[in-house]
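Below: one structure, written as structure tokens.
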Amino acid sequence: MNTTQLECFLTVANFLNFSRAAEVLRITQPAVSHQINTLENELGVKLFHRTSKSVRLTQSGYLFTQYADEILRLSGLSKERVRAAQEIHSVRLGVGCRNFVDQRLMIPALQQLSQEEPSLLPLLRMTPFDSLENLLEEGDIQVLISHKKTSLKKVTYRELCRRPVVCVCSPSHPLAALEQVSVQQLRQAGRIAICRPPIFSPELFDSQNQVISGLGAERILFCDNLEILYTMVEAGLAFAVVSGPPGEAEGPRLRYLPMPEFAPLSFGAFYLPGERTPVLRRFLTLLEESLQHPSNP
């Protein structure tokens with residue numbers, strides 16, 4: 001269904017005359033008839049009773065007039081709004097990431113950048129990592145924020161910080177009394193909540209796998225996303241192995257326990273060579289500052 005079909009239908013419905021409709025629309029009568037026929041075929045109903053002497057709407061035709069008019073109205077409104085949006089100057093910044101934890105790390109940088117650049121239009125995408133690579137190559141996003149991934153060959157990587165591998169648990173969990181934990185201690189500490197790649201980076205997934213190696217299925221809670229994982233952790237049903245935000249202060253609902261066996265993970269930005277616009281450069285600078293020198297609440 002297209003707007004040409006709808007315009008032809010409404011014009012014929014208004015005049016009940018194909019010749020007059022063709023004159024108003026400035027197309028040939030056969031063209032009007034063709035549009036009506038294709039519309040009727042698509043809808044599977046007859047919209048007009050047609051004889052050699054008269055044209056009148058069918059019951060289905062009467063019913064469809066209100067829908068056709070509304071569709072055309074919405075089509076015109078959407079075109080006007082799109083044109084208006086194009087006329088407004090905005091600075092677009094497309095940013096992709098794996099999960100909501102990585103996304104929230106960008107808040108201070110985005111706040112500062114929006115103050116410096118009032119016309120900033122940030123577009124945040126959160127999808128599986130392989131999809132984000134495609135978005136980066138296709139130009140839908142300008143930068144990808146994630147742990148370092150050596151398999152990405154076409155892009156430039158800039159390290160912004162190092163994020164420690166930590167065990168996260170609720171304050172009520174038995175692990176919360178410890179200052180730091182080992183893999184062996186976690187293997188004896190009850191249930192662990194885990195996420196699969198691409199929600200977890202391969203590097204973090206390797207650390208997680210060292211903990212769950214040899215554990216029975218009853219000890220492992222498989223989570224579809226980080227929101228579910230953190231819900232399980234905050235409820236005290238499990239602990240998890242995650243990459244901790246640098247310098248994050250502990251809150252009343254979570255305890256972050258260092259895991260010295262694992263080296264901190266490189267965390268940074270991926271972008272295509274030659275794509276570093278001024279707003280992207282400034283965003284990366286602000287993000288690096290906020291990650292390396294986080295403000296404590």
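Every chain in the structure tokens has a letter given in the order shown (A, B, ...), and although residue numbers restart at 1 in each chain, ligands are simply numbered from 1 in the order shown.
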Which residues come within 9 Å of Gly190 in chain A, counting only C-alpha atoms, excluding same-chain residues fewer than 5 positions away, as a VMD selection string? chain A and resid 219 to 220 237 to 239
Tell me which protein, DNA and RNA residues are within 8 Å of Tyr256 in chain A, counting only C-alpha atoms, leaving out same-chain ones fewer than 6 positions away, and put them as a PyMOL selection string. chain A and resi 166-169+244+250
Could you produce a table of the residues of range 123-183 of chain A lying within 12 Å of range 205-210 of chain A, with the nearest pair of atoms per residue and their separation in Å rounded to one decimal, using only C-alpha atoms, ordered by chain and increasing residue number, as a Markdown table?
| residue | atom | partner | partner_atom | distance |
| --- | --- | --- | --- | --- |
| A:His147 | CA | A:Phe205 | CA | 11.4 |
| A:Pro164 | CA | A:Ser207 | CA | 11.2 |
| A:Val165 | CA | A:Ser207 | CA | 7.9 |
| A:Val166 | CA | A:Ser207 | CA | 9.8 |
| A:Cys167 | CA | A:Gln208 | CA | 9.8 |
| A:Ser182 | CA | A:Gln210 | CA | 10.7 |
| A:Val183 | CA | A:Gln210 | CA | 7.2 |
Shell around range 66-80 of chain A at 10 Å using only C-alpha atoms, local window under 6 positions removed, as a PyMOL selection string: chain A and resi 2-7+9-10+86
Ranking A:Ile141, A:Val24, A:Leu272, A:Cys97 by minimum distance to Val155 in chain A and counting only C-alpha atoms, which one comes first? A:Leu272
Spatial neighbours of Cys8 in chain A, 8 Å, only C-alpha atoms, chain gap at least 4 places, as a ChimeraX atom specification: /A:4,12,21,25,32,35-36
